[in-house]
file entry_10.pdb (PDB, C-alpha atoms)
MODEL        1
ATOM      1  CA  MET G   1      31.958  11.797   8.324
ATOM      2  CA  GLY G   2      28.887  10.700   6.417
ATOM      3  CA  TYR G   3      28.442   9.280   2.926
ATOM      4  CA  ASP G   4      25.464   8.213   0.846
ATOM      5  CA  ILE G   5      24.610   7.248  -2.728
ATOM      6  CA  HIS G   6      21.224   6.799  -4.409
ATOM      7  CA  ARG G   7      20.240   5.798  -7.923
ATOM      8  CA  LEU G   8      18.499   8.264 -10.221
ATOM      9  CA  VAL G   9      15.193   6.919 -11.557
ATOM     10  CA  GLU G  10      12.121   8.151 -13.420
ATOM     11  CA  GLY G  11       8.929   8.817 -11.481
ATOM     12  CA  ARG G  12      10.450  10.185  -8.249
ATOM     13  CA  LYS G  13      10.931  13.711  -6.939
ATOM     14  CA  PHE G  14      14.493  14.990  -6.683
ATOM     15  CA  ILE G  15      14.815  16.041  -3.033
ATOM     16  CA  LEU G  16      18.210  17.321  -1.945
ATOM     17  CA  GLY G  17      19.015  18.970   1.363
ATOM     18  CA  GLY G  18      15.298  19.092   2.082
ATOM     19  CA  VAL G  19      14.625  21.061  -1.105
ATOM     20  CA  ASP G  20      12.449  19.828  -3.980
ATOM     21  CA  ILE G  21      14.559  20.515  -7.078
ATOM     22  CA  PRO G  22      12.831  20.391 -10.477
ATOM     23  CA  TYR G  23      14.350  17.563 -12.513
ATOM     24  CA  HIS G  24      13.001  14.801 -14.756
ATOM     25  CA  MET G  25      14.412  12.095 -12.463
ATOM     26  CA  GLY G  26      14.528  11.530  -8.723
ATOM     27  CA  LEU G  27      16.433   9.500  -6.173
ATOM     28  CA  LEU G  28      15.393   5.925  -5.410
ATOM     29  CA  GLY G  29      15.017   4.916  -1.778
ATOM     30  CA  HIS G  30      12.682   3.777   1.000
ATOM     31  CA  SER G  31      12.357   7.324   2.349
ATOM     32  CA  ASP G  32      12.480  10.434   0.150
ATOM     33  CA  ALA G  33      16.079   9.307  -0.646
ATOM     34  CA  ASP G  34      17.605  12.707   0.173
ATOM     35  CA  VAL G  35      21.221  11.690  -0.347
ATOM     36  CA  LEU G  36      22.566  14.908   1.213
ATOM     37  CA  LEU G  37      20.550  14.764   4.428
ATOM     38  CA  HIS G  38      21.362  11.059   4.760
ATOM     39  CA  ALA G  39      25.087  11.876   4.658
ATOM     40  CA  VAL G  40      24.552  14.690   7.198
ATOM     41  CA  ILE G  41      22.606  12.341   9.489
ATOM     42  CA  ASP G  42      25.347   9.701   9.340
ATOM     43  CA  ALA G  43      28.025  12.326  10.029
ATOM     44  CA  ILE G  44      26.219  13.585  13.127
ATOM     45  CA  LEU G  45      25.427  10.089  14.389
ATOM     46  CA  GLY G  46      29.045   9.049  13.874
ATOM     47  CA  ALA G  47      30.383  12.113  15.697
ATOM     48  CA  MET G  48      28.259  11.134  18.699
ATOM     49  CA  GLY G  49      29.345   7.485  18.545
ATOM     50  CA  GLU G  50      25.817   6.380  17.617
ATOM     51  CA  PRO G  51      24.870   3.660  15.098
ATOM     52  CA  ASP G  52      24.289   4.685  11.486
ATOM     53  CA  ILE G  53      21.110   5.888   9.765
ATOM     54  CA  GLY G  54      20.126   2.362   8.679
ATOM     55  CA  THR G  55      20.226   1.124  12.265
ATOM     56  CA  ASN G  56      18.292   4.105  13.653
ATOM     57  CA  PHE G  57      15.767   4.296  10.787
ATOM     58  CA  PRO G  58      15.720   0.857   9.082
ATOM     59  CA  ASP G  59      14.479   0.681   5.499
ATOM     60  CA  LYS G  60      12.557  -2.482   6.385
ATOM     61  CA  ASP G  61      10.367  -0.495   8.798
ATOM     62  CA  PRO G  62       7.148   0.679   7.094
ATOM     63  CA  ALA G  63       7.083   3.699   9.418
ATOM     64  CA  TYR G  64       9.887   5.233   7.341
ATOM     65  CA  LYS G  65       8.361   4.497   3.915
ATOM     66  CA  GLY G  66       8.394   7.784   1.996
ATOM     67  CA  ILE G  67       9.316   9.798   5.101
ATOM     68  CA  SER G  68      10.935  13.185   4.645
ATOM     69  CA  SER G  69      14.602  13.124   5.552
ATOM     70  CA  LYS G  70      14.017  16.503   7.218
ATOM     71  CA  VAL G  71      11.986  14.598   9.836
ATOM     72  CA  LEU G  72      14.849  12.118  10.297
ATOM     73  CA  LEU G  73      17.392  14.933  10.658
ATOM     74  CA  ASP G  74      15.157  16.585  13.249
ATOM     75  CA  GLU G  75      15.043  13.293  15.199
ATOM     76  CA  VAL G  76      18.853  13.093  15.089
ATOM     77  CA  LYS G  77      19.038  16.706  16.301
ATOM     78  CA  LYS G  78      16.858  15.724  19.284
ATOM     79  CA  ILE G  79      19.212  12.828  20.095
ATOM     80  CA  MET G  80      22.179  15.178  19.792
ATOM     81  CA  HIS G  81      20.627  17.789  22.072
ATOM     82  CA  ALA G  82      19.612  15.126  24.620
ATOM     83  CA  LYS G  83      23.266  14.043  24.756
ATOM     84  CA  GLY G  84      24.318  17.665  25.316
ATOM     85  CA  PHE G  85      25.846  18.334  21.882
ATOM     86  CA  LYS G  86      25.297  20.851  19.121
ATOM     87  CA  VAL G  87      26.722  21.172  15.622
ATOM     88  CA  ASN G  88      29.708  23.497  15.423
ATOM     89  CA  ASN G  89      30.344  23.232  11.674
ATOM     90  CA  LEU G  90      29.006  21.161   8.781
ATOM     91  CA  ASP G  91      30.722  20.822   5.398
ATOM     92  CA  CYS G  92      28.996  18.927   2.577
ATOM     93  CA  ILE G  93      29.793  17.867  -0.971
ATOM     94  CA  ILE G  94      27.190  16.769  -3.506
ATOM     95  CA  VAL G  95      28.508  14.906  -6.558
ATOM     96  CA  THR G  96      26.152  14.945  -9.551
ATOM     97  CA  GLU G  97      26.322  15.707 -13.243
ATOM     98  CA  GLU G  98      22.737  16.954 -13.272
ATOM     99  CA  PRO G  99      20.824  18.830 -12.092
ATOM    100  CA  LYS G 100      22.981  21.839 -11.333
ATOM    101  CA  ILE G 101      22.847  22.520  -7.595
ATOM    102  CA  GLY G 102      24.208  26.085  -7.491
ATOM    103  CA  PRO G 103      20.838  27.838  -7.850
ATOM    104  CA  TYR G 104      19.500  25.916  -4.820
ATOM    105  CA  ARG G 105      22.561  26.172  -2.584
ATOM    106  CA  GLY G 106      21.226  29.018  -0.430
ATOM    107  CA  GLU G 107      17.878  27.309   0.115
ATOM    108  CA  ILE G 108      19.601  24.017   0.999
ATOM    109  CA  ILE G 109      21.867  25.767   3.514
ATOM    110  CA  GLY G 110      18.874  27.592   5.003
ATOM    111  CA  THR G 111      16.893  24.381   5.361
ATOM    112  CA  ILE G 112      19.724  22.489   7.053
ATOM    113  CA  SER G 113      20.657  25.346   9.395
ATOM    114  CA  SER G 114      17.003  25.812  10.374
ATOM    115  CA  ILE G 115      16.507  22.131  11.221
ATOM    116  CA  LEU G 116      19.770  21.963  13.180
ATOM    117  CA  GLU G 117      19.134  25.353  14.838
ATOM    118  CA  ILE G 118      22.559  26.697  13.879
ATOM    119  CA  PRO G 119      23.643  29.785  11.923
ATOM    120  CA  SER G 120      23.748  29.372   8.153
ATOM    121  CA  SER G 121      27.401  30.454   8.345
ATOM    122  CA  SER G 122      28.071  27.101  10.072
ATOM    123  CA  VAL G 123      26.837  25.129   7.034
ATOM    124  CA  ASN G 124      28.760  24.789   3.773
ATOM    125  CA  VAL G 125      27.442  23.013   0.689
ATOM    126  CA  LYS G 126      29.565  22.418  -2.392
ATOM    127  CA  SER G 127      28.631  20.672  -5.604
ATOM    128  CA  LYS G 128      30.944  18.808  -7.947
ATOM    129  CA  THR G 129      30.636  16.708 -11.067
ATOM    130  CA  ASN G 130      32.288  13.344 -11.530
ATOM    131  CA  GLU G 131      33.720  14.325 -14.918
ATOM    132  CA  GLU G 132      31.415  11.800 -16.629
ATOM    133  CA  LEU G 133      33.106   8.894 -14.799
ATOM    134  CA  GLY G 134      31.292   5.991 -13.119
ATOM    135  CA  PRO G 135      27.600   5.795 -12.246
ATOM    136  CA  VAL G 136      27.508   9.424 -11.078
ATOM    137  CA  GLY G 137      29.220  10.619 -14.250
ATOM    138  CA  GLN G 138      26.797   8.578 -16.365
ATOM    139  CA  LYS G 139      23.833  10.257 -14.589
ATOM    140  CA  GLU G 140      22.785   7.010 -12.912
ATOM    141  CA  ALA G 141      23.369   8.101  -9.299
ATOM    142  CA  VAL G 142      24.087  10.980  -6.939
ATOM    143  CA  VAL G 143      26.640  10.855  -4.116
ATOM    144  CA  SER G 144      26.994  13.058  -1.069
ATOM    145  CA  TYR G 145      29.622  13.447   1.649
ATOM    146  CA  ALA G 146      29.343  15.370   4.918
ATOM    147  CA  VAL G 147      31.846  16.199   7.629
ATOM    148  CA  VAL G 148      30.640  17.615  10.927
ATOM    149  CA  THR G 149      32.187  18.868  14.127
ATOM    150  CA  ILE G 150      30.052  18.823  17.232
ATOM    151  CA  VAL G 151      30.698  20.459  20.586
ATOM    152  CA  LYS G 152      29.269  20.146  24.057
ATOM    153  CA  ASN G 153      26.396  22.570  24.373
ATOM    154  CA  THR G 154      27.680  25.114  26.904
ATOM    155  CA  MET G 155      24.553  27.194  27.285
ATOM    156  CA  THR G 156      24.601  28.508  30.818
ATOM    157  CA  ARG G 157      21.638  27.960  33.042
ATOM    158  CA  PRO G 158      20.447  30.692  35.379
ATOM    159  CA  ARG G 159      21.816  30.343  38.878
ATOM    160  CA  SER G 160      19.725  30.707  41.959
ATOM    161  CA  GLY G 161      20.543  33.874  43.863
ATOM    162  CA  GLY G 162      20.620  32.563  47.405
ATOM    163  CA  LYS G 163      22.718  30.103  49.392
ATOM    164  CA  LYS G 164      21.278  26.775  50.313
TER     165      LYS G 164
ENDMDL
END
call {"tool": "encode", "arguments": {"input": "entry_10.pdb", "output": "structure tokens"}}
result
Amino acid sequence: MGYDIHRLVEGRKFILGGVDIPYHMGLLGHSDADVLLHAVIDAILGAMGEPDIGTNFPDKDPAYKGISSKVLLDEVKKIMHAKGFKVNNLDCIIVTEEPKIGPYRGEIIGTISSILEIPSSSVNVKSKTNEELGPVGQKEAVVSYAVVTIVKNTMTRPRSGGKK
């Protein structure tokens, strides 16, 4: 399971699930602050027993300043594949009062499934409000949760035809 929260601020792009969503505010962070992809990254890392996103991509490292979270997710996919795993299913929740996420849901799913090299039917993205409660409800922050199942990659390799 992965979780992330970022503050909404003026002067930043609103990037969610790798998609640039038009909005008058954006998410504050060292990278592009994509709260959804950060939750997905933590979910995948956790499922593999790896350290969290902050350990793998520290916000004190200038190499990650402004980096696209799509690049970070691709790096995590490479780690996952090197360990012999692939994503079986990914379920995500975005909690925000604004902007409305519904119109971008398909594009977000397509972006995530493309990066992870899995069918879009294996990715689910839901959006909720916080009923005007707390920092999310007061339009000060956006929260995201992700749950992932991974499986051993069982792609068969071609066998040699002869005996040795």
call {"tool": "resolve_selection", "arguments": {"input": "entry_10.pdb", "expression": "the PyMOL selection byres ((chain G and resi 110) around 12)", "output": "number ranges by chain"}}
result
G: 17-19, 104-109, 111-125
call {"tool": "resolve_selection", "arguments": {"input": "entry_10.pdb", "expression": "the PyMOL selection byres ((chain G and resi 71-82) around 10)", "output": "MDAnalysis selection string"}}
result
chainID G and resid 18 31 37:38 40:42 44:45 47:48 50 53 56:57 64 67:70 83:87 112 114:117 150 152:153
call {"tool": "closest_residue", "arguments": {"input": "entry_10.pdb", "among": "G:Gly49, G:Thr129, G:Tyr145, G:Asp61", "to": "G:Ile101", "atoms": "all atoms listed in the file"}}
result
G:Thr129
call {"tool": "atom_distance", "arguments": {"input": "entry_10.pdb", "atom1": "atom CA of G:Ile21", "atom2": "atom CA of G:Gly46"}}
result
27.9 Å
call {"tool": "resolve_selection", "arguments": {"input": "entry_10.pdb", "expression": "the PyMOL selection byres ((chain G and resi 139) around 9)", "output": "MDAnalysis selection string"}}
result
chainID G and resid 7:8 96:98 132 134:138 140:142
call {"tool": "residues_near_point", "arguments": {"input": "entry_10.pdb", "point": "(13.3, 10.9, -8.3)", "cutoff": "10 Å", "atoms": "all atoms listed in the file", "output": "list in words"}}
result
His6, Arg7, Leu8, Val9, Glu10, Gly11, Arg12, Lys13, Phe14, Ile15, Asp20, Ile21, Pro22, Tyr23, His24, Met25, Gly26, Leu27, Leu28, Gly29, Asp32, Ala33 and Asp34 of chain G
call {"tool": "atom_distance", "arguments": {"input": "entry_10.pdb", "atom1": "atom CA of G:Gly102", "atom2": "atom CA of G:Val35"}}
result
16.3 Å
call {"tool": "atom_distance", "arguments": {"input": "entry_10.pdb", "atom1": "atom CA of G:Lys128", "atom2": "atom CA of G:Asn89"}}
result
20.1 Å
call {"tool": "closest_residue", "arguments": {"input": "entry_10.pdb", "among": "G:Ser127, G:Leu90, G:Thr154, G:Gly2", "to": "G:Pro51", "atoms": "all atoms listed in the file"}}
result
G:Gly2
call {"tool": "closest_residue", "arguments": {"input": "entry_10.pdb", "among": "G:Met1, G:Val95, G:Ala39, G:Val148", "to": "G:Leu133", "atoms": "all atoms listed in the file"}}
result
G:Val95
call {"tool": "closest_residue", "arguments": {"input": "entry_10.pdb", "among": "G:Glu131, G:Lys65, G:Thr55, G:Ile93", "to": "G:Ile5", "atoms": "all atoms listed in the file"}}
result
G:Ile93
